[in-house]
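S.K.: Below is work_22.cif; it holds mmCIF, C-alpha atoms.
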```cif
data_data
loop_
_atom_site.label_atom_id
_atom_site.label_comp_id
_atom_site.auth_asym_id
_atom_site.auth_seq_id
_atom_site.Cartn_x
_atom_site.Cartn_y
_atom_site.Cartn_z
CA MET Q 1421 -22.75 119.82 -63.14
CA THR Q 1422 -23.94 122.08 -60.36
CA THR Q 1423 -27.55 123.21 -60.19
CA ALA Q 1424 -26.43 126.76 -61.01
CA GLU Q 1425 -24.39 125.95 -64.11
CA PHE Q 1426 -26.91 127.62 -66.41
CA GLY Q 1427 -28.25 130.07 -63.83
CA GLY Q 1428 -29.42 133.30 -65.46
CA LYS Q 1429 -28.82 131.99 -68.98
CA THR Q 1430 -31.55 132.34 -71.59
CA VAL Q 1431 -32.02 129.13 -73.56
CA PHE Q 1432 -34.05 128.75 -76.76
CA ILE Q 1433 -35.32 125.25 -77.63
CA SER Q 1434 -37.36 124.32 -80.69
CA GLY Q 1435 -39.46 121.19 -80.80
CA ALA Q 1436 -39.94 121.57 -77.05
CA GLY Q 1437 -43.26 119.75 -76.77
CA ARG Q 1438 -41.83 116.25 -76.64
CA GLY Q 1439 -38.72 114.12 -77.04
CA PHE Q 1440 -35.27 115.67 -76.85
CA GLY Q 1441 -36.62 119.22 -76.75
CA LYS Q 1442 -38.95 118.65 -73.83
CA ARG Q 1443 -36.33 116.85 -71.77
CA ALA Q 1444 -33.63 119.41 -72.57
CA ALA Q 1445 -35.96 122.17 -71.40
CA GLU Q 1446 -36.56 120.35 -68.11
CA LEU Q 1447 -32.84 119.91 -67.44
CA PHE Q 1448 -31.83 123.45 -68.39
CA PHE Q 1449 -34.65 124.79 -66.20
CA SER Q 1450 -33.54 122.61 -63.29
CA GLN Q 1451 -30.12 124.24 -63.58
CA GLY Q 1452 -31.42 127.79 -63.41
CA ALA Q 1453 -32.03 128.76 -67.04
CA ASN Q 1454 -34.74 130.97 -68.49
CA LEU Q 1455 -36.53 129.21 -71.36
CA VAL Q 1456 -37.86 130.34 -74.73
CA LEU Q 1457 -39.71 127.38 -76.22
CA THR Q 1458 -41.31 126.72 -79.60
CA ASP Q 1459 -43.24 123.94 -81.25
CA PHE Q 1460 -45.36 123.75 -84.37
CA ASP Q 1461 -48.88 124.25 -82.96
CA ASP Q 1462 -50.73 125.39 -79.85
CA THR Q 1463 -51.26 121.85 -78.57
CA MET Q 1464 -47.55 121.10 -78.65
CA VAL Q 1465 -46.76 124.44 -77.03
CA GLU Q 1466 -49.17 123.60 -74.21
CA GLN Q 1467 -47.29 120.33 -73.70
CA ALA Q 1468 -44.01 122.25 -73.62
CA LEU Q 1469 -45.32 124.68 -71.01
CA ALA Q 1470 -47.11 122.14 -68.82
CA PRO Q 1471 -44.19 121.51 -66.38
CA TYR Q 1472 -43.75 125.24 -65.70
CA GLU Q 1473 -47.17 126.46 -64.53
CA ASN Q 1474 -45.62 128.18 -61.52
CA ALA Q 1475 -42.68 129.71 -63.40
CA ALA Q 1476 -44.31 132.13 -65.82
CA ASN Q 1477 -41.55 134.70 -65.23
CA GLN Q 1478 -38.90 132.19 -66.32
CA VAL Q 1479 -40.53 130.39 -69.27
CA VAL Q 1480 -42.19 131.73 -72.43
CA ALA Q 1481 -43.29 129.97 -75.60
CA LEU Q 1482 -44.78 130.45 -79.04
CA ALA Q 1483 -46.23 128.23 -81.76
CA GLY Q 1484 -44.88 128.15 -85.30
CA ASP Q 1485 -43.40 126.04 -88.06
CA ILE Q 1486 -39.62 126.26 -87.77
CA GLY Q 1487 -39.48 125.83 -91.54
CA ASN Q 1488 -40.99 129.31 -91.80
CA GLU Q 1489 -38.42 132.05 -91.25
CA ASP Q 1490 -40.95 134.20 -89.39
CA THR Q 1491 -40.99 131.67 -86.54
CA SER Q 1492 -37.29 132.23 -85.87
CA LEU Q 1493 -37.74 135.99 -86.12
CA ARG Q 1494 -40.54 135.91 -83.56
CA ALA Q 1495 -38.65 133.55 -81.24
CA VAL Q 1496 -35.56 135.75 -81.12
CA LYS Q 1497 -37.71 138.83 -80.56
CA LEU Q 1498 -39.51 137.04 -77.72
CA ALA Q 1499 -36.17 136.16 -76.10
CA ASN Q 1500 -34.94 139.73 -76.38
CA ASP Q 1501 -38.20 141.35 -75.25
CA THR Q 1502 -38.63 139.00 -72.27
CA PHE Q 1503 -35.09 138.35 -71.04
CA GLY Q 1504 -32.96 140.87 -72.95
CA ALA Q 1505 -30.57 138.21 -74.24
CA LEU Q 1506 -30.02 134.83 -75.84
CA ASP Q 1507 -27.19 132.68 -74.49
CA ILE Q 1508 -27.95 129.18 -75.80
CA ALA Q 1509 -29.97 127.88 -78.74
CA ILE Q 1510 -30.94 124.24 -79.17
CA ASN Q 1511 -32.19 123.90 -82.75
CA ASN Q 1512 -33.93 120.59 -82.22
CA ALA Q 1513 -37.17 120.64 -84.23
CA GLY Q 1514 -37.28 118.28 -87.16
CA ILE Q 1515 -39.28 115.75 -89.11
CA VAL Q 1516 -38.48 112.47 -90.85
CA HIS Q 1517 -40.08 110.86 -93.89
CA ASP Q 1518 -41.19 107.27 -94.18
CA GLN Q 1519 -38.63 104.87 -95.58
CA ALA Q 1520 -38.67 104.79 -99.38
CA LYS Q 1521 -36.22 104.43 -102.24
CA LEU Q 1522 -35.30 107.76 -103.75
CA ASP Q 1523 -37.27 107.25 -106.97
CA ALA Q 1524 -40.41 106.43 -104.95
CA LEU Q 1525 -40.11 109.38 -102.54
CA PRO Q 1526 -42.65 112.12 -103.37
CA SER Q 1527 -40.92 115.36 -104.29
CA SER Q 1528 -43.29 117.28 -102.02
CA THR Q 1529 -42.16 115.14 -99.08
CA ALA Q 1530 -38.48 115.74 -99.85
CA GLU Q 1531 -39.11 119.49 -100.12
CA LYS Q 1532 -40.91 119.59 -96.75
CA VAL Q 1533 -38.17 117.64 -94.96
CA ILE Q 1534 -35.46 119.90 -96.36
CA GLN Q 1535 -37.52 123.00 -95.55
CA VAL Q 1536 -37.93 122.04 -91.90
CA ASP Q 1537 -34.75 120.11 -91.12
CA LEU Q 1538 -32.22 122.18 -93.09
CA LEU Q 1539 -33.65 125.61 -93.83
CA GLY Q 1540 -35.23 125.67 -90.39
CA VAL Q 1541 -31.75 125.47 -88.86
CA PHE Q 1542 -30.44 128.10 -91.27
CA TYR Q 1543 -33.25 130.53 -90.40
CA ALA Q 1544 -32.76 129.88 -86.70
CA MET Q 1545 -29.02 130.57 -86.70
CA LYS Q 1546 -29.40 133.58 -89.01
CA HIS Q 1547 -31.55 135.33 -86.41
CA GLN Q 1548 -29.97 133.91 -83.24
CA ILE Q 1549 -26.41 134.92 -84.05
CA PRO Q 1550 -26.87 138.74 -84.04
CA LEU Q 1551 -28.41 138.64 -80.56
CA MET Q 1552 -25.63 136.35 -79.36
CA LEU Q 1553 -22.96 138.64 -80.78
CA LYS Q 1554 -24.54 141.50 -78.84
CA ARG Q 1555 -24.59 139.36 -75.67
CA HIS Q 1556 -20.90 138.49 -76.03
CA GLU Q 1557 -19.94 142.11 -76.66
CA GLN Q 1558 -21.79 143.19 -73.50
CA THR Q 1559 -20.62 140.46 -71.11
CA GLY Q 1560 -17.61 138.72 -72.66
CA ASN Q 1561 -19.35 135.39 -72.03
CA GLN Q 1562 -19.54 132.65 -74.64
CA CYS Q 1563 -22.83 131.79 -76.30
CA ASN Q 1564 -23.73 128.37 -77.69
CA ILE Q 1565 -25.70 126.92 -80.56
CA VAL Q 1566 -26.39 123.18 -80.72
CA ASN Q 1567 -28.00 121.86 -83.87
CA LEU Q 1568 -29.64 118.44 -83.76
CA GLY Q 1569 -28.09 116.48 -86.55
CA SER Q 1570 -28.33 112.74 -86.97
CA ALA Q 1571 -26.18 109.73 -87.65
CA ALA Q 1572 -27.94 109.94 -91.02
CA GLY Q 1573 -26.04 113.18 -91.56
CA LEU Q 1574 -22.70 111.45 -91.06
CA MET Q 1575 -23.13 108.48 -93.40
CA GLY Q 1576 -25.28 107.12 -96.17
CA SER Q 1577 -28.82 106.23 -95.10
CA PRO Q 1578 -30.64 104.03 -97.60
CA LEU Q 1579 -34.41 104.64 -97.73
CA LEU Q 1580 -33.97 107.98 -95.91
CA SER Q 1581 -32.35 109.97 -98.71
CA ALA Q 1582 -34.03 113.36 -98.24
CA TYR Q 1583 -33.72 113.21 -94.45
CA ALA Q 1584 -30.05 112.25 -94.76
CA ALA Q 1585 -29.45 115.05 -97.26
CA ALA Q 1586 -31.03 117.59 -94.90
CA LYS Q 1587 -28.97 116.37 -91.96
CA HIS Q 1588 -25.76 116.39 -94.02
CA GLY Q 1589 -26.67 120.01 -94.76
CA VAL Q 1590 -27.06 120.73 -91.05
CA ILE Q 1591 -23.51 119.47 -90.48
CA GLY Q 1592 -22.26 121.77 -93.25
CA LEU Q 1593 -24.05 124.76 -91.74
CA THR Q 1594 -22.73 123.91 -88.28
CA LYS Q 1595 -19.10 123.60 -89.27
CA SER Q 1596 -19.15 126.66 -91.54
CA ALA Q 1597 -20.82 128.90 -88.96
CA ALA Q 1598 -18.50 127.62 -86.22
CA LEU Q 1599 -15.51 128.80 -88.24
CA GLU Q 1600 -17.11 132.18 -88.92
CA TYR Q 1601 -17.83 132.92 -85.25
CA ALA Q 1602 -15.05 131.06 -83.40
CA ARG Q 1603 -13.40 134.36 -82.42
CA LYS Q 1604 -16.71 136.14 -81.84
CA GLY Q 1605 -17.74 134.33 -78.67
CA ILE Q 1606 -20.15 131.80 -80.18
CA ARG Q 1607 -19.53 128.05 -80.06
CA ILE Q 1608 -21.56 126.09 -82.64
CA ASN Q 1609 -21.78 122.30 -82.61
CA ALA Q 1610 -24.05 119.44 -83.67
CA VAL Q 1611 -25.24 116.47 -81.67
CA CYS Q 1612 -25.97 113.51 -83.94
CA PRO Q 1613 -28.05 110.71 -82.47
CA ALA Q 1614 -28.95 107.48 -84.16
CA PHE Q 1615 -32.63 106.58 -83.82
CA ALA Q 1616 -33.78 107.05 -80.25
CA ASP Q 1617 -36.74 105.97 -78.17
CA THR Q 1618 -38.86 109.00 -79.08
CA ALA Q 1619 -42.45 109.47 -80.20
CA MET Q 1620 -41.23 110.43 -83.69
CA ALA Q 1621 -39.38 107.13 -84.07
CA HIS Q 1622 -42.32 105.07 -82.84
CA GLU Q 1623 -44.69 106.91 -85.17
CA ALA Q 1624 -42.42 105.90 -88.04
CA PHE Q 1625 -42.41 102.30 -86.81
CA ASP Q 1626 -46.21 102.33 -86.65
CA ARG Q 1627 -46.41 103.38 -90.30
CA SER Q 1628 -44.04 100.65 -91.47
CA PRO Q 1629 -45.56 97.95 -93.70
CA HIS Q 1630 -43.56 95.43 -91.66
CA GLY Q 1631 -45.31 96.38 -88.42
CA PRO Q 1632 -43.81 98.36 -85.53
CA GLN Q 1633 -41.89 95.57 -83.78
CA GLU Q 1634 -40.29 94.28 -86.97
CA ALA Q 1635 -39.51 97.83 -88.11
CA GLU Q 1636 -37.68 98.53 -84.85
CA ARG Q 1637 -35.86 95.19 -85.00
CA ARG Q 1638 -34.63 95.90 -88.52
CA LEU Q 1639 -33.51 99.37 -87.56
CA VAL Q 1640 -31.46 98.41 -84.50
CA ALA Q 1641 -29.98 95.36 -86.23
CA GLY Q 1642 -27.32 97.59 -87.75
CA VAL Q 1643 -26.45 99.34 -84.46
CA PRO Q 1644 -23.55 97.70 -82.59
CA MET Q 1645 -25.35 98.15 -79.25
CA GLN Q 1646 -28.49 96.59 -80.79
CA ARG Q 1647 -30.93 99.09 -79.31
CA LEU Q 1648 -32.38 102.56 -79.56
CA ALA Q 1649 -30.81 105.43 -77.64
CA THR Q 1650 -32.71 106.74 -74.64
CA ILE Q 1651 -33.78 110.36 -74.64
CA ASP Q 1652 -31.56 111.13 -71.65
CA GLU Q 1653 -28.50 109.62 -73.35
CA VAL Q 1654 -28.85 112.23 -76.08
CA VAL Q 1655 -29.92 115.16 -73.93
CA GLN Q 1656 -27.07 114.81 -71.44
CA ALA Q 1657 -24.72 115.22 -74.42
CA ILE Q 1658 -26.50 118.43 -75.43
CA LEU Q 1659 -25.98 119.91 -71.97
CA TRP Q 1660 -22.34 118.79 -71.94
CA VAL Q 1661 -21.71 120.57 -75.24
CA CYS Q 1662 -23.21 123.77 -73.78
CA SER Q 1663 -21.34 123.61 -70.48
CA PRO Q 1664 -19.21 126.70 -69.71
CA ALA Q 1665 -16.50 124.25 -68.70
CA ASN Q 1666 -16.43 122.99 -72.29
CA SER Q 1667 -15.22 126.29 -73.70
CA PHE Q 1668 -12.74 125.01 -76.33
CA TYR Q 1669 -15.27 122.79 -78.12
CA THR Q 1670 -16.66 124.15 -81.39
CA GLY Q 1671 -17.32 123.04 -84.96
CA GLN Q 1672 -17.81 119.43 -83.90
CA THR Q 1673 -20.32 116.68 -84.60
CA LEU Q 1674 -20.88 114.54 -81.53
CA ALA Q 1675 -22.35 111.16 -82.51
CA ILE Q 1676 -24.53 109.50 -79.86
CA ASP Q 1677 -25.18 106.40 -81.91
CA GLY Q 1678 -24.33 103.16 -80.12
CA GLY Q 1679 -21.25 102.75 -82.33
CA LEU Q 1680 -23.12 103.03 -85.67
CA THR Q 1681 -20.69 105.45 -87.32
CA ALA Q 1682 -17.65 103.46 -86.14
CA PHE Q 1683 -18.05 101.14 -89.15
#
```
Would you write out, as structure tokens, the structure that this file holds?

M.R.:
Amino acid sequence: MTTAEFGGKTVFISGAGRGFGKRAAELFFSQGANLVLTDFDDTMVEQALAPYENAANQVVALAGDIGNEDTSLRAVKLANDTFGALDIAINNAGIVHDQAKLDALPSSTAEKVIQVDLLGVFYAMKHQIPLMLKRHEQTGNQCNIVNLGSAAGLMGSPLLSAYAAAKHGVIGLTKSAALEYARKGIRINAVCPAFADTAMAHEAFDRSPHGPQEAERRLVAGVPMQRLATIDEVVQAILWVCSPANSFYTGQTLAIDGGLTAF
């Protein structure tokens, strides 16, 4: 990729305070993009903005729960008011529940995971797509949506039933929307990592009754590469999916999973 590949593009990223979202923001910015960032509270938004203290004209952010539709409304309005467009959306924000058999999983936990991980993506796309349609009509350029799925959305995931259900739903939303807008200038895809070396994963390990090291060992035991993904291994795939050179790629689920879904 050249440093100007995303020059002048406006990129929305949720969950931008850490992990995949934070790194994706850094790489899009390094390639010339304007950024609209969100995370769930002011502290996380401050973390998202920290690398861009001298680029206030190129980066804006707001706090809000992506499981609340108003957050997506406000984010799209911020993109339009600040940059007049939205070219790329990375719907990355999500949560995971602790491992538990389905009958032991609190219903309130399942509801929260589905609200954030599934409905959050639905709300985001619902409000992103009209602005992208307008952008395509004005310029003829393609727009892109990348939804963060999971290997858990491509296969059964024992002890992660609600999370897996939400991520299966994300795949359904992605494929359905991709078909609806394939001739309207919007490419819509999902990137589906297995567990990666992120703060969210390590927080889950820390809560495990087996202890963090044993929890990680058990998790990667089923991965053919026998390790967690790195953040960059996932984020480079996100940028590849969004590349203007990748213009015939839509409706796909790209697994970055160390071979897990090859079984």

S.K.: Residues picked by the PyMOL selection byres ((chain Q and resi 1496-1505) around 7) here, as a list of chain:residue names?

M.R.: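 In the shown coordinates, the PyMOL selection byres ((chain Q and resi 1496-1505) around 7) covers Q:Thr1430, Q:Val1456, Q:Ser1492, Q:Leu1493, Q:Arg1494, Q:Ala1495, Q:Leu1506, Q:Asp1507, Q:His1547, Q:Gln1548, Q:Leu1551, Q:Arg1555.
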
S.K.: Print the selection's residues with C-alpha atoms to a file, as a short mmCIF file (atom, residue, chain, number, x, y, z; two decimals), in the coordinates of the input.

M.R.:
```
data_model
loop_
_atom_site.label_atom_id
_atom_site.label_comp_id
_atom_site.auth_asym_id
_atom_site.auth_seq_id
_atom_site.Cartn_x
_atom_site.Cartn_y
_atom_site.Cartn_z
CA THR Q 1430 -31.55 132.34 -71.59
CA VAL Q 1456 -37.86 130.34 -74.73
CA SER Q 1492 -37.29 132.23 -85.87
CA LEU Q 1493 -37.74 135.99 -86.12
CA ARG Q 1494 -40.54 135.91 -83.56
CA ALA Q 1495 -38.65 133.55 -81.24
CA LEU Q 1506 -30.02 134.83 -75.84
CA ASP Q 1507 -27.19 132.68 -74.49
CA HIS Q 1547 -31.55 135.33 -86.41
CA GLN Q 1548 -29.97 133.91 -83.24
CA LEU Q 1551 -28.41 138.64 -80.56
CA ARG Q 1555 -24.59 139.36 -75.67
#
```

S.K.: Residues of segment 1546-1634 of chain Q that have any atom at most 10 Å from an atom of segment 1664-1668 of chain Q: could you tabulate them with the shortest-distance atom pair and the distance in Å to one decimal, using all atoms listed in the file, ordered by chain and increasing number, as a Markdown table?

M.R.:
```
| residue | atom | partner | partner_atom | distance |
| --- | --- | --- | --- | --- |
| Q:Asn1561 | CA | Q:Pro1664 | CA | 9.0 |
| Q:Gln1562 | CA | Q:Pro1664 | CA | 7.7 |
| Q:Cys1563 | CA | Q:Pro1664 | CA | 9.1 |
| Q:Asn1564 | CA | Q:Pro1664 | CA | 9.3 |
| Q:Ala1602 | CA | Q:Phe1668 | CA | 9.6 |
| Q:Gly1605 | CA | Q:Ser1667 | CA | 9.8 |
| Q:Ile1606 | CA | Q:Ser1667 | CA | 9.8 |
| Q:Arg1607 | CA | Q:Ser1667 | CA | 7.9 |
```

S.K.: I want to know what sits within 9 Å of Ile1486 of chain Q, based on all atoms listed in the file, with residues of the same chain fewer than 6 positions away left out; could you give that as a PDB file with C-alpha atoms, in the coordinates of the input?

M.R.:
```
ATOM      1  CA  SER Q1434     -37.360 124.320 -80.690  1.00  0.00           C
ATOM      2  CA  GLY Q1435     -39.460 121.190 -80.800  1.00  0.00           C
ATOM      3  CA  THR Q1458     -41.310 126.720 -79.600  1.00  0.00           C
ATOM      4  CA  ASP Q1459     -43.240 123.940 -81.250  1.00  0.00           C
ATOM      5  CA  PHE Q1460     -45.360 123.750 -84.370  1.00  0.00           C
ATOM      6  CA  SER Q1492     -37.290 132.230 -85.870  1.00  0.00           C
ATOM      7  CA  ALA Q1513     -37.170 120.640 -84.230  1.00  0.00           C
ATOM      8  CA  GLY Q1514     -37.280 118.280 -87.160  1.00  0.00           C
ATOM      9  CA  GLN Q1535     -37.520 123.000 -95.550  1.00  0.00           C
ATOM     10  CA  VAL Q1536     -37.930 122.040 -91.900  1.00  0.00           C
ATOM     11  CA  ASP Q1537     -34.750 120.110 -91.120  1.00  0.00           C
ATOM     12  CA  LEU Q1539     -33.650 125.610 -93.830  1.00  0.00           C
ATOM     13  CA  GLY Q1540     -35.230 125.670 -90.390  1.00  0.00           C
ATOM     14  CA  VAL Q1541     -31.750 125.470 -88.860  1.00  0.00           C
ATOM     15  CA  TYR Q1543     -33.250 130.530 -90.400  1.00  0.00           C
ATOM     16  CA  ALA Q1544     -32.760 129.880 -86.700  1.00  0.00           C
TER      17      ALA Q1544
END
```

S.K.: Name all residues at most 8 Å from segment 1575-1578 of chain Q (count all atoms listed in the file; drop same-chain ones fewer than 4 positions away) and give them as a ChimeraX atom specification.

M.R.: /Q:1521,1571,1584,1681

S.K.: Contacts of Gly1589 of chain Q at 12 Å or less, counting all atoms listed in the file, minus same-chain residues fewer than 5 places along, as a list of chain:residue names?

M.R.: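 In the requested format, the answer is Q:Val1533, Q:Ile1534, Q:Gln1535, Q:Val1536, Q:Asp1537, Q:Leu1538, Q:Leu1539, Q:Gly1540, Q:Val1541, Q:Phe1542, Q:Asn1567, Q:Leu1568, Q:Gly1569, Q:Ser1570, Q:Ala1572, Q:Gly1573, Q:Leu1574, Q:Ala1582, Q:Tyr1583, Q:Ala1584, Q:Thr1594, Q:Lys1595, Q:Ser1596, Q:Ala1610.
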
S.K.: Counting only C-alpha atoms, find the residues whose atoms lie at most 12 Å from (-36.6, 124.1, -61.9) (file coordinates) and write them out as a list in words.

M.R.: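 Protein, DNA and RNA residues close to (-36.6, 124.1, -61.9): Thr1423, Ala1424, Phe1426, Gly1427, Ala1445, Glu1446, Leu1447, Phe1448, Phe1449, Ser1450, Gln1451, Gly1452, Ala1453, Asn1454, Leu1455, Pro1471, Tyr1472, Glu1473, Asn1474, Ala1475, Ala1476, Gln1478 and Val1479 of chain Q.
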
S.K.: Any chance you could work out the residue set of the PyMOL selection byres ((chain Q and resi 1529) around 12) here, as JSON, numbers by chain?

M.R.: {"Q": [1515, 1516, 1517, 1518, 1519, 1520, 1522, 1524, 1525, 1526, 1527, 1528, 1530, 1531, 1532, 1533, 1534, 1535, 1536, 1537, 1580, 1581, 1582, 1583]}

S.K.: Under the rule that all atoms listed in the file are counted, which of Q:Gln1656, Q:Tyr1669, Q:Pro1629, Q:Gly1678 is the nearest residue to Pro1644 of chain Q?

M.R.: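 When distances to Pro1644 of chain Q are compared using all atoms listed in the file, the smallest one comes from Q:Gly1678.
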
S.K.: Looking at all atoms listed in the file, which of Q:Arg1637, Q:Arg1438, Q:Arg1443, Q:Lys1429 is the one that sits closest to Val1655 of chain Q?

M.R.: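 Going through Q:Arg1637, Q:Arg1438, Q:Arg1443, Q:Lys1429 one by one, the smallest distance to Val1655 of chain Q is for Q:Arg1443.
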
S.K.: Evaluated on this file, the PyMOL selection byres ((chain Q and resi 1565) around 6) picks out some residues - which ones are they, written as a PyMOL selection string?

M.R.: chain Q and resi 1508-1509+1564+1566+1608

S.K.: Determine the nearest neighbour of Gly1671 of chain Q from the options Q:Glu1489, Q:Glu1636, Q:Asp1617, Q:Glu1600, counting all atoms listed in the file.

M.R.: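 So, comparing all the options, the nearest one is Q:Glu1600.
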
S.K.: Work out how far atom CA of Leu1674 of chain Q is from atom CA of Ala1635 of chain Q, in Å to one decimal.

M.R.: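 Separating atom CA of Ala1635 of chain Q from atom CA of Leu1674 of chain Q is a distance of 25.9 Å.
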
S.K.: Measuring atom to atom with all atoms listed in the file, identify which of Q:Leu1469, Q:Ala1641, Q:Val1611, Q:Ala1586 is nearest to Trp1660 of chain Q.

M.R.: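 Checking each candidate against Trp1660 of chain Q, we get Q:Val1611 as the closest.
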